[in-house]
>>> print(open('upload-v1.pdb').read())   # PDB, C-alpha atoms, pLDDT in the B column
ATOM      1  CA  MET Y1208     102.439 135.094 104.512  1.00 44.00           C
ATOM      2  CA  THR Y1209     102.583 137.876 101.971  1.00 44.00           C
ATOM      3  CA  GLY Y1210      99.924 140.487 101.521  1.00 42.00           C
ATOM      4  CA  SER Y1211      98.744 138.879  98.277  1.00 42.00           C
ATOM      5  CA  GLU Y1212      98.000 135.506  99.893  1.00 52.00           C
ATOM      6  CA  GLU Y1213      94.481 134.788 101.106  1.00 62.00           C
ATOM      7  CA  THR Y1214      93.795 133.754 104.681  1.00 64.00           C
ATOM      8  CA  PRO Y1215      92.840 130.057 104.683  1.00 86.00           C
ATOM      9  CA  SER Y1216      89.230 129.327 105.585  1.00 93.00           C
ATOM     10  CA  PHE Y1217      86.892 126.347 105.697  1.00 97.00           C
ATOM     11  CA  ARG Y1218      83.388 126.538 104.225  1.00 98.00           C
ATOM     12  CA  LEU Y1219      80.838 124.093 105.550  1.00 98.00           C
ATOM     13  CA  ALA Y1220      77.428 123.753 103.919  1.00 98.00           C
ATOM     14  CA  TYR Y1221      74.557 122.245 105.882  1.00 98.00           C
ATOM     15  CA  VAL Y1222      70.949 121.440 105.105  1.00 98.00           C
ATOM     16  CA  PRO Y1223      67.880 122.510 107.142  1.00 97.00           C
ATOM     17  CA  GLY Y1224      67.397 120.464 110.295  1.00 96.00           C
ATOM     18  CA  VAL Y1225      71.096 119.723 110.756  1.00 97.00           C
ATOM     19  CA  THR Y1226      72.765 121.553 113.643  1.00 95.00           C
ATOM     20  CA  PRO Y1227      76.528 122.035 113.126  1.00 97.00           C
ATOM     21  CA  ALA Y1228      77.035 124.193 116.261  1.00 96.00           C
ATOM     22  CA  LYS Y1229      78.886 121.529 118.306  1.00 95.00           C
ATOM     23  CA  TRP Y1230      81.357 120.731 115.541  1.00 97.00           C
ATOM     24  CA  ALA Y1231      81.807 124.400 114.711  1.00 97.00           C
ATOM     25  CA  ARG Y1232      82.712 125.134 118.337  1.00 97.00           C
ATOM     26  CA  ILE Y1233      85.335 122.382 118.383  1.00 97.00           C
ATOM     27  CA  TRP Y1234      86.752 123.656 115.090  1.00 97.00           C
ATOM     28  CA  ASN Y1235      87.127 127.181 116.459  1.00 96.00           C
ATOM     29  CA  GLU Y1236      88.917 125.807 119.528  1.00 95.00           C
ATOM     30  CA  ARG Y1237      91.357 123.694 117.535  1.00 94.00           C
ATOM     31  CA  ARG Y1238      91.860 125.853 114.464  1.00 94.00           C
ATOM     32  CA  PRO Y1239      91.469 129.464 115.659  1.00 95.00           C
ATOM     33  CA  GLY Y1240      93.553 130.719 112.759  1.00 95.00           C
ATOM     34  CA  VAL Y1241      91.238 129.204 110.130  1.00 96.00           C
ATOM     35  CA  PRO Y1242      87.780 130.832 110.060  1.00 96.00           C
ATOM     36  CA  LEU Y1243      84.822 128.472 109.645  1.00 97.00           C
ATOM     37  CA  THR Y1244      82.048 129.737 107.383  1.00 97.00           C
ATOM     38  CA  LEU Y1245      78.637 128.062 107.709  1.00 98.00           C
ATOM     39  CA  LEU Y1246      76.363 128.018 104.654  1.00 97.00           C
ATOM     40  CA  GLN Y1247      72.783 126.797 105.007  1.00 97.00           C
ATOM     41  CA  VAL Y1248      71.511 125.430 101.687  1.00 97.00           C
ATOM     42  CA  PRO Y1249      68.298 123.623 100.673  1.00 95.00           C
ATOM     43  CA  ALA Y1250      68.684 119.846 100.799  1.00 94.00           C
ATOM     44  CA  ALA Y1251      68.053 119.538  97.065  1.00 92.00           C
ATOM     45  CA  GLU Y1252      70.830 122.025  96.258  1.00 96.00           C
ATOM     46  CA  ALA Y1253      73.569 120.699  98.568  1.00 97.00           C
ATOM     47  CA  SER Y1254      75.203 118.488  95.932  1.00 97.00           C
ATOM     48  CA  ALA Y1255      75.297 121.312  93.386  1.00 97.00           C
ATOM     49  CA  VAL Y1256      76.925 123.650  95.911  1.00 98.00           C
ATOM     50  CA  LEU Y1257      79.669 121.104  96.628  1.00 98.00           C
ATOM     51  CA  ARG Y1258      80.201 120.297  92.943  1.00 97.00           C
ATOM     52  CA  ALA Y1259      80.612 123.984  92.141  1.00 97.00           C
ATOM     53  CA  GLY Y1260      83.256 124.374  94.852  1.00 96.00           C
ATOM     54  CA  ASP Y1261      81.177 126.888  96.792  1.00 97.00           C
ATOM     55  CA  ALA Y1262      81.763 124.835  99.963  1.00 98.00           C
ATOM     56  CA  ASP Y1263      84.603 122.544 101.023  1.00 98.00           C
ATOM     57  CA  ALA Y1264      82.321 119.969 102.654  1.00 98.00           C
ATOM     58  CA  GLY Y1265      78.698 119.627 103.641  1.00 98.00           C
ATOM     59  CA  LEU Y1266      76.394 118.075 106.210  1.00 98.00           C
ATOM     60  CA  VAL Y1267      73.863 116.622 103.792  1.00 98.00           C
ATOM     61  CA  ARG Y1268      71.109 114.049 103.569  1.00 97.00           C
ATOM     62  CA  LEU Y1269      71.815 110.726 101.913  1.00 96.00           C
ATOM     63  CA  PRO Y1270      71.926 109.436  99.276  1.00 94.00           C
ATOM     64  CA  VAL Y1271      74.701 111.227  97.368  1.00 96.00           C
ATOM     65  CA  ASP Y1272      76.496 110.373  94.138  1.00 96.00           C
ATOM     66  CA  ARG Y1273      79.253 108.073  95.407  1.00 96.00           C
ATOM     67  CA  THR Y1274      81.065 108.196  92.061  1.00 96.00           C
ATOM     68  CA  PHE Y1275      81.877 111.845  92.788  1.00 97.00           C
ATOM     69  CA  PHE Y1276      81.465 112.348  96.535  1.00 98.00           C
ATOM     70  CA  SER Y1277      82.965 110.742  99.603  1.00 97.00           C
ATOM     71  CA  ALA Y1278      80.526 110.449 102.500  1.00 97.00           C
ATOM     72  CA  ILE Y1279      80.695 109.503 106.165  1.00 97.00           C
ATOM     73  CA  PRO Y1280      77.239 108.605 107.573  1.00 97.00           C
ATOM     74  CA  LEU Y1281      76.726 110.307 110.942  1.00 97.00           C
ATOM     75  CA  TYR Y1282      73.238 109.385 112.150  1.00 96.00           C
ATOM     76  CA  THR Y1283      69.747 108.396 111.028  1.00 97.00           C
ATOM     77  CA  GLU Y1284      66.824 110.520 112.123  1.00 97.00           C
ATOM     78  CA  THR Y1285      63.524 109.485 113.636  1.00 97.00           C
ATOM     79  CA  THR Y1286      60.641 109.969 111.206  1.00 97.00           C
ATOM     80  CA  VAL Y1287      57.530 111.715 112.538  1.00 98.00           C
ATOM     81  CA  VAL Y1288      54.114 112.795 111.335  1.00 98.00           C
ATOM     82  CA  VAL Y1289      53.186 116.430 112.041  1.00 98.00           C
ATOM     83  CA  VAL Y1290      49.577 116.924 113.122  1.00 98.00           C
ATOM     84  CA  PRO Y1291      47.370 119.567 114.782  1.00 97.00           C
ATOM     85  CA  ARG Y1292      47.350 119.308 118.581  1.00 97.00           C
ATOM     86  CA  ASP Y1293      43.653 118.349 118.633  1.00 96.00           C
ATOM     87  CA  HIS Y1294      44.035 115.581 116.014  1.00 96.00           C
ATOM     88  CA  VAL Y1295      42.934 112.059 116.932  1.00 96.00           C
ATOM     89  CA  ILE Y1296      46.434 110.727 116.234  1.00 95.00           C
ATOM     90  CA  THR Y1297      47.753 112.544 119.301  1.00 96.00           C
ATOM     91  CA  ALA Y1298      46.001 109.948 121.486  1.00 96.00           C
ATOM     92  CA  ALA Y1299      48.693 107.437 120.483  1.00 96.00           C
ATOM     93  CA  GLU Y1300      52.359 107.439 121.489  1.00 96.00           C
ATOM     94  CA  GLU Y1301      53.416 106.398 117.973  1.00 97.00           C
ATOM     95  CA  VAL Y1302      51.751 105.570 114.663  1.00 97.00           C
ATOM     96  CA  THR Y1303      52.264 103.373 111.604  1.00 97.00           C
ATOM     97  CA  VAL Y1304      51.786 103.984 107.902  1.00 95.00           C
ATOM     98  CA  ALA Y1305      48.525 102.025 108.083  1.00 95.00           C
ATOM     99  CA  ASP Y1306      47.192 104.581 110.589  1.00 96.00           C
ATOM    100  CA  LEU Y1307      47.569 107.270 107.913  1.00 96.00           C
ATOM    101  CA  ALA Y1308      45.592 105.474 105.198  1.00 95.00           C
ATOM    102  CA  ASP Y1309      42.584 107.786 105.465  1.00 95.00           C
ATOM    103  CA  GLU Y1310      44.547 110.995 106.043  1.00 96.00           C
ATOM    104  CA  VAL Y1311      45.533 113.636 103.499  1.00 96.00           C
ATOM    105  CA  LEU Y1312      49.341 113.817 103.451  1.00 96.00           C
ATOM    106  CA  PHE Y1313      51.311 116.623 101.878  1.00 96.00           C
ATOM    107  CA  HIS Y1314      54.249 115.880  99.605  1.00 95.00           C
ATOM    108  CA  PRO Y1315      56.298 119.115  99.316  1.00 95.00           C
ATOM    109  CA  LEU Y1316      58.605 119.646  96.378  1.00 95.00           C
ATOM    110  CA  ASP Y1317      61.627 119.683  98.699  1.00 95.00           C
ATOM    111  CA  ASP Y1318      60.626 116.426 100.429  1.00 95.00           C
ATOM    112  CA  VAL Y1319      63.769 114.715 101.729  1.00 94.00           C
ATOM    113  CA  PHE Y1320      62.322 111.207 101.529  1.00 94.00           C
ATOM    114  CA  ASP Y1321      62.974 109.065  98.486  1.00 84.00           C
ATOM    115  CA  TRP Y1322      59.412 108.013  97.711  1.00 86.00           C
ATOM    116  CA  ASP Y1323      57.127 108.700  94.780  1.00 83.00           C
ATOM    117  CA  ALA Y1324      54.247 109.720  97.011  1.00 83.00           C
ATOM    118  CA  PRO Y1325      53.455 109.517 100.716  1.00 87.00           C
ATOM    119  CA  PRO Y1326      50.790 107.068 101.922  1.00 89.00           C
ATOM    120  CA  GLY Y1327      47.200 108.111 102.506  1.00 92.00           C
ATOM    121  CA  GLU Y1328      45.098 110.422 100.376  1.00 92.00           C
ATOM    122  CA  PRO Y1329      46.987 112.753  98.003  1.00 88.00           C
ATOM    123  CA  ALA Y1330      46.770 116.465  98.782  1.00 90.00           C
ATOM    124  CA  PHE Y1331      45.170 118.919  96.377  1.00 89.00           C
ATOM    125  CA  GLU Y1332      48.590 120.407  95.626  1.00 90.00           C
ATOM    126  CA  ARG Y1333      52.282 119.937  96.301  1.00 94.00           C
ATOM    127  CA  PRO Y1334      53.589 122.761  98.501  1.00 96.00           C
ATOM    128  CA  ALA Y1335      56.819 124.342  97.329  1.00 96.00           C
ATOM    129  CA  THR Y1336      58.631 123.802 100.611  1.00 96.00           C
ATOM    130  CA  THR Y1337      58.364 121.818 103.828  1.00 97.00           C
ATOM    131  CA  GLU Y1338      57.780 125.079 105.676  1.00 96.00           C
ATOM    132  CA  ASP Y1339      54.786 125.823 103.424  1.00 97.00           C
ATOM    133  CA  ALA Y1340      53.440 122.321 104.091  1.00 97.00           C
ATOM    134  CA  VAL Y1341      53.664 122.921 107.849  1.00 98.00           C
ATOM    135  CA  GLU Y1342      51.481 126.015 107.408  1.00 97.00           C
ATOM    136  CA  LEU Y1343      48.874 123.905 105.618  1.00 97.00           C
ATOM    137  CA  VAL Y1344      48.922 121.340 108.433  1.00 97.00           C
ATOM    138  CA  ALA Y1345      48.231 124.177 110.872  1.00 97.00           C
ATOM    139  CA  ALA Y1346      45.268 125.134 108.701  1.00 96.00           C
ATOM    140  CA  GLY Y1347      43.832 121.655 109.315  1.00 95.00           C
ATOM    141  CA  VAL Y1348      43.809 120.447 105.704  1.00 94.00           C
ATOM    142  CA  GLY Y1349      46.325 117.602 105.917  1.00 96.00           C
ATOM    143  CA  LEU Y1350      49.303 116.010 107.668  1.00 97.00           C
ATOM    144  CA  LEU Y1351      53.020 115.886 106.919  1.00 97.00           C
ATOM    145  CA  VAL Y1352      55.737 113.241 107.320  1.00 97.00           C
ATOM    146  CA  VAL Y1353      59.229 114.636 107.970  1.00 97.00           C
ATOM    147  CA  PRO Y1354      62.465 113.890 109.841  1.00 98.00           C
ATOM    148  CA  GLN Y1355      62.142 114.909 113.489  1.00 98.00           C
ATOM    149  CA  SER Y1356      64.701 117.717 113.099  1.00 97.00           C
ATOM    150  CA  LEU Y1357      62.491 119.443 110.528  1.00 98.00           C
ATOM    151  CA  ALA Y1358      59.445 119.111 112.761  1.00 98.00           C
ATOM    152  CA  ARG Y1359      61.457 120.893 115.461  1.00 97.00           C
ATOM    153  CA  LEU Y1360      62.825 123.477 113.054  1.00 97.00           C
ATOM    154  CA  TYR Y1361      59.353 124.534 111.885  1.00 97.00           C
ATOM    155  CA  HIS Y1362      57.690 124.057 115.266  1.00 95.00           C
ATOM    156  CA  ARG Y1363      54.408 125.826 116.002  1.00 95.00           C
ATOM    157  CA  ARG Y1364      52.466 125.917 119.255  1.00 96.00           C
ATOM    158  CA  ASP Y1365      49.334 124.634 117.558  1.00 97.00           C
ATOM    159  CA  LEU Y1366      51.132 121.586 116.100  1.00 98.00           C
ATOM    160  CA  THR Y1367      52.764 118.468 117.496  1.00 98.00           C
ATOM    161  CA  TYR Y1368      54.130 115.221 116.094  1.00 98.00           C
ATOM    162  CA  ARG Y1369      54.272 111.498 116.684  1.00 98.00           C
ATOM    163  CA  PRO Y1370      56.964 108.968 115.665  1.00 98.00           C
ATOM    164  CA  LEU Y1371      56.149 106.984 112.510  1.00 97.00           C
ATOM    165  CA  THR Y1372      57.551 103.558 113.291  1.00 96.00           C
ATOM    166  CA  ASP Y1373      57.569 102.041 109.786  1.00 94.00           C
ATOM    167  CA  GLY Y1374      58.053 105.125 107.648  1.00 92.00           C
ATOM    168  CA  PRO Y1375      61.028 106.042 105.453  1.00 94.00           C
ATOM    169  CA  GLU Y1376      64.181 107.282 107.152  1.00 94.00           C
ATOM    170  CA  SER Y1377      66.595 110.120 106.457  1.00 96.00           C
ATOM    171  CA  ALA Y1378      70.313 109.710 107.165  1.00 97.00           C
ATOM    172  CA  VAL Y1379      72.698 112.648 107.594  1.00 97.00           C
ATOM    173  CA  ALA Y1380      76.307 112.429 106.406  1.00 98.00           C
ATOM    174  CA  LEU Y1381      79.427 114.520 106.041  1.00 98.00           C
ATOM    175  CA  SER Y1382      80.167 114.675 102.319  1.00 98.00           C
ATOM    176  CA  TRP Y1383      82.742 116.306 100.061  1.00 98.00           C
ATOM    177  CA  PRO Y1384      84.114 115.887  96.513  1.00 97.00           C
ATOM    178  CA  GLU Y1385      86.450 112.912  96.653  1.00 95.00           C
ATOM    179  CA  GLU Y1386      89.137 114.625  94.584  1.00 95.00           C
ATOM    180  CA  ALA Y1387      89.115 117.636  96.913  1.00 95.00           C
ATOM    181  CA  THR Y1388      90.121 115.907 100.148  1.00 95.00           C
ATOM    182  CA  THR Y1389      92.273 118.660 101.628  1.00 95.00           C
ATOM    183  CA  ASP Y1390      94.009 118.824 105.013  1.00 95.00           C
ATOM    184  CA  LEU Y1391      91.202 121.071 106.263  1.00 96.00           C
ATOM    185  CA  VAL Y1392      88.595 118.528 105.179  1.00 97.00           C
ATOM    186  CA  ASP Y1393      90.624 115.864 106.980  1.00 96.00           C
ATOM    187  CA  ASP Y1394      90.661 118.032 110.105  1.00 96.00           C
ATOM    188  CA  PHE Y1395      86.877 118.328 110.046  1.00 97.00           C
ATOM    189  CA  ILE Y1396      86.511 114.578 109.496  1.00 97.00           C
ATOM    190  CA  GLY Y1397      88.528 114.083 112.664  1.00 96.00           C
ATOM    191  CA  ILE Y1398      86.191 116.387 114.573  1.00 96.00           C
ATOM    192  CA  VAL Y1399      82.960 114.682 113.530  1.00 96.00           C
ATOM    193  CA  ARG Y1400      84.524 111.287 114.248  1.00 93.00           C
ATOM    194  CA  GLY Y1401      85.527 112.382 117.736  1.00 92.00           C
ATOM    195  CA  ARG Y1402      89.280 112.229 117.282  1.00 89.00           C
ATOM    196  CA  THR Y1403      91.376 113.956 119.904  1.00 82.00           C
ATOM    197  CA  VAL Y1404      93.417 117.048 119.215  1.00 76.00           C
ATOM    198  CA  ASN Y1405      96.627 114.980 119.350  1.00 72.00           C
ATOM    199  CA  SER Y1406      95.471 112.515 116.724  1.00 66.00           C
ATOM    200  CA  THR Y1407      97.555 112.313 113.538  1.00 49.00           C
ATOM    201  CA  ARG Y1408      94.288 112.014 111.552  1.00 50.00           C
ATOM    202  CA  GLY Y1409      95.998 109.426 109.359  1.00 44.00           C
ATOM    203  CA  ARG Y1410      98.562 111.802 107.962  1.00 48.00           C
ATOM    204  CA  GLN Y1411     102.095 110.586 107.454  1.00 42.00           C
ATOM    205  CA  ALA Y1412     104.760 112.590 109.178  1.00 40.00           C
ATOM    206  CA  ALA Y1413     107.350 114.205 106.932  1.00 41.00           C
ATOM    207  CA  PRO Y1414     110.643 112.254 106.833  1.00 46.00           C
ATOM    208  CA  ALA Y1415     113.361 113.668 109.052  1.00 46.00           C
ATOM    209  CA  PRO Y1416     116.490 115.110 107.396  1.00 47.00           C
ATOM    210  CA  LYS Y1417     119.367 112.675 106.984  1.00 48.00           C
ATOM    211  CA  ALA Y1418     121.552 114.665 109.346  1.00 48.00           C
ATOM    212  CA  ALA Y1419     118.895 114.456 112.041  1.00 46.00           C
ATOM    213  CA  GLN Y1420     118.520 110.717 111.476  1.00 49.00           C
ATOM    214  CA  ALA Y1421     122.273 110.154 111.760  1.00 50.00           C
ATOM    215  CA  ALA Y1422     122.672 112.113 114.997  1.00 50.00           C
ATOM    216  CA  PRO Y1423     120.917 109.585 117.288  1.00 53.00           C
ATOM    217  CA  GLU Y1424     122.998 106.727 115.835  1.00 56.00           C
ATOM    218  CA  LYS Y1425     126.236 108.590 116.556  1.00 53.00           C
ATOM    219  CA  ALA Y1426     125.088 109.286 120.086  1.00 53.00           C
ATOM    220  CA  LYS Y1427     124.337 105.590 120.656  1.00 54.00           C
ATOM    221  CA  ARG Y1428     127.762 104.560 119.387  1.00 58.00           C
ATOM    222  CA  ALA Y1429     129.424 107.139 121.639  1.00 53.00           C
ATOM    223  CA  GLN Y1430     127.638 105.748 124.679  1.00 56.00           C
ATOM    224  CA  LYS Y1431     128.747 102.121 124.077  1.00 54.00           C
ATOM    225  CA  PRO Y1432     132.172 101.219 125.644  1.00 52.00           C
ATOM    226  CA  ALA Y1433     134.755 100.140 123.114  1.00 47.00           C
ATOM    227  CA  ALA Y1434     135.346  96.385 123.101  1.00 48.00           C
ATOM    228  CA  SER Y1435     139.130  96.769 122.991  1.00 46.00           C
ATOM    229  CA  ALA Y1436     139.360  99.410 125.696  1.00 45.00           C
ATOM    230  CA  LYS Y1437     141.917  98.591 128.454  1.00 48.00           C
ATOM    231  CA  ALA Y1438     140.765  98.326 132.006  1.00 47.00           C
ATOM    232  CA  ALA Y1439     141.762 101.016 134.426  1.00 48.00           C
ATOM    233  CA  PRO Y1440     144.940 100.363 136.453  1.00 51.00           C
ATOM    234  CA  GLY Y1441     143.020 100.099 139.698  1.00 50.00           C
ATOM    235  CA  ALA Y1442     140.599  97.587 138.260  1.00 49.00           C
ATOM    236  CA  ARG Y1443     143.456  95.510 136.794  1.00 52.00           C
ATOM    237  CA  THR Y1444     145.244  95.347 140.150  1.00 49.00           C
ATOM    238  CA  SER Y1445     142.068  94.263 141.924  1.00 50.00           C
ATOM    239  CA  ARG Y1446     141.465  91.464 139.444  1.00 53.00           C
ATOM    240  CA  ALA Y1447     145.077  90.255 139.793  1.00 47.00           C
ATOM    241  CA  ARG Y1448     144.793  90.129 143.559  1.00 52.00           C
ATOM    242  CA  ALA Y1449     141.559  88.189 143.311  1.00 50.00           C
ATOM    243  CA  ALA Y1450     143.122  85.702 140.908  1.00 51.00           C
ATOM    244  CA  GLY Y1451     146.149  85.254 143.171  1.00 50.00           C
ATOM    245  CA  ALA Y1452     143.931  84.650 146.131  1.00 49.00           C
ATOM    246  CA  LYS Y1453     142.040  81.882 144.323  1.00 50.00           C
ATOM    247  CA  SER Y1454     145.243  80.097 143.133  1.00 49.00           C
ATOM    248  CA  ALA Y1455     147.057  80.181 146.512  1.00 48.00           C
ATOM    249  CA  LYS Y1456     147.061  76.855 148.451  1.00 50.00           C
ATOM    250  CA  PRO Y1457     147.640  76.468 152.186  1.00 51.00           C
ATOM    251  CA  ALA Y1458     151.146  75.154 153.173  1.00 49.00           C
ATOM    252  CA  LYS Y1459     151.371  71.522 154.350  1.00 52.00           C
ATOM    253  CA  ARG Y1460     152.538  70.913 157.922  1.00 53.00           C
ATOM    254  CA  GLY Y1461     155.225  68.255 158.473  1.00 51.00           C
ATOM    255  CA  LYS Y1462     154.924  65.441 160.997  1.00 52.00           C
ATOM    256  CA  PRO Y1463     156.342  66.235 164.434  1.00 52.00           C
ATOM    257  CA  ARG Y1464     159.748  64.628 165.117  1.00 53.00           C
ATOM    258  CA  ARG Y1465     160.118  62.159 167.904  1.00 53.00           C
ATOM    259  CA  ARG Y1466     162.676  62.935 170.523  1.00 51.00           C
ATOM    260  CA  SER Y1467     165.163  60.217 171.120  1.00 43.00           C
TER     261      SER Y1467
END
>>> encode(input="upload-v1.pdb", output="structure tokens")
Amino acid sequence: MTGSEETPSFRLAYVPGVTPAKWARIWNERRPGVPLTLLQVPAAEASAVLRAGDADAGLVRLPVDRTFFSAIPLYTETTVVVVPRDHVITAAEEVTVADLADEVLFHPLDDVFDWDAPPGEPAFERPATTEDAVELVAAGVGLLVVPQSLARLYHRRDLTYRPLTDGPESAVALSWPEEATTDLVDDFIGIVRGRTVNSTRGRQAAPAPKAAQAAPEKAKRAQKPAASAKAAPGARTSRARAAGAKSAKPAKRGKPRRRS
């Protein structure tokens, strides 16, 4: 590598709530010569970051534009409702949308769910971010429906959450521009899919040079005995003796003569 060439690197964007630490560790073990750069971006901006080429791939929330991006779904999160610890909902192990009909629910501008409005009573305003909405829940003026990872990310001691059994769901996927499927992207795909380090990852091996291909054939021909080769003198003599032994017949004995 010359001094003017850049060191290869892999840039991975990820949205809040997604934890790329496990995959990043495996990458560093397998590709120590290729630095991995992690870029946390808001969920609403992930597609723009990938389109602009500011990241090679991203751990994003579905849906994505499948006419431009390739995507491998990884998992679907549990949906929860965030409530104050002394709220009546905490008496239940899980809740339904019907249980929220009389509650004020916040709908932040960065909401990751694809719905026009959450159930229940509309809040007096739309918070700018999910983090801002969590602060309002702590103030006791409403509740919030989010993926479980976001409830953990913005956890507060005075708040808790309960699973929402029939609410919307958020799926996380590995996504990248389809026309920018590089070898490094393919390597990361192998990691998230659990491929072993010895996997070919679907790549085709480069064809061997003709000289290298011809060498094994020559070796095989050299190892085969020639069909017209003459047998060794010792072997020929042994075969002749065996043949003579098979063709030899015992001598007939004549009848004894009578004495006169």
>>> resolve_selection(input="upload-v1.pdb", expression="the PyMOL selection byres ((chain Y and resi 1248) around 12)", output="list in words")
Leu1219, Ala1220, Tyr1221, Val1222, Pro1223, Gly1224, Val1225, Leu1245, Leu1246, Gln1247, Pro1249, Ala1250, Ala1251, Glu1252, Ala1253, Ser1254, Ala1255, Val1256, Leu1257, Asp1261, Ala1262, Gly1265, Leu1266, Val1267, Arg1268 and Asp1317 of chain Y
>>> resolve_selection(input="upload-v1.pdb", expression="the PyMOL selection byres ((chain Y and resi 1313) around 12)", output="ChimeraX atom specification")
/Y:1288-1290,1307,1310-1312,1314-1318,1324-1344,1347-1353
>>> atom_distance(input="upload-v1.pdb", atom1="atom CA of Y:Ala1380", atom2="atom CA of Y:Leu1269")
6.6 Å
>>> resolve_selection(input="upload-v1.pdb", expression="the PyMOL selection byres ((chain Y and resi 1386) around 12)", output="count of residues only")
18
>>> atom_distance(input="upload-v1.pdb", atom1="atom CA of Y:Glu1376", atom2="atom CA of Y:Asp1394")
28.7 Å
>>> residues_around(input="upload-v1.pdb", residues="Y:Trp1234", least_positions_apart="4", cutoff="12 Å", atoms="all atoms listed in the file", output="PyMOL selection string")
chain Y and resi 1216-1219+1227-1230+1238-1245+1391-1399+1401-1404
>>> residues_near_point(input="upload-v1.pdb", point="(75.6, 108.3, 110.9)", cutoff="8 Å", atoms="all atoms listed in the file", output="count of residues only")
8
>>> atom_distance(input="upload-v1.pdb", atom1="atom CA of Y:Ala1305", atom2="atom CA of Y:Asp1373")
9.2 Å
>>> residues_around(input="upload-v1.pdb", residues="Y:Arg1369", least_positions_apart="3", cutoff="12 Å", atoms="only C-alpha atoms", output="tab-separated table (two decimals) with C-alpha atoms, in the frame of the given file")
chain	number	residue	atom	x	y	z
Y	1285	THR	CA	63.52	109.48	113.64
Y	1286	THR	CA	60.64	109.97	111.21
Y	1287	VAL	CA	57.53	111.72	112.54
Y	1288	VAL	CA	54.11	112.80	111.34
Y	1289	VAL	CA	53.19	116.43	112.04
Y	1290	VAL	CA	49.58	116.92	113.12
Y	1291	PRO	CA	47.37	119.57	114.78
Y	1292	ARG	CA	47.35	119.31	118.58
Y	1294	HIS	CA	44.04	115.58	116.01
Y	1295	VAL	CA	42.93	112.06	116.93
Y	1296	ILE	CA	46.43	110.73	116.23
Y	1297	THR	CA	47.75	112.54	119.30
Y	1298	ALA	CA	46.00	109.95	121.49
Y	1299	ALA	CA	48.69	107.44	120.48
Y	1300	GLU	CA	52.36	107.44	121.49
Y	1301	GLU	CA	53.42	106.40	117.97
Y	1302	VAL	CA	51.75	105.57	114.66
Y	1303	THR	CA	52.26	103.37	111.60
Y	1304	VAL	CA	51.79	103.98	107.90
Y	1306	ASP	CA	47.19	104.58	110.59
Y	1307	LEU	CA	47.57	107.27	107.91
Y	1350	LEU	CA	49.30	116.01	107.67
Y	1351	LEU	CA	53.02	115.89	106.92
Y	1352	VAL	CA	55.74	113.24	107.32
Y	1353	VAL	CA	59.23	114.64	107.97
Y	1354	PRO	CA	62.46	113.89	109.84
Y	1355	GLN	CA	62.14	114.91	113.49
Y	1358	ALA	CA	59.44	119.11	112.76
Y	1359	ARG	CA	61.46	120.89	115.46
Y	1366	LEU	CA	51.13	121.59	116.10
Y	1372	THR	CA	57.55	103.56	113.29
Y	1374	GLY	CA	58.05	105.12	107.65
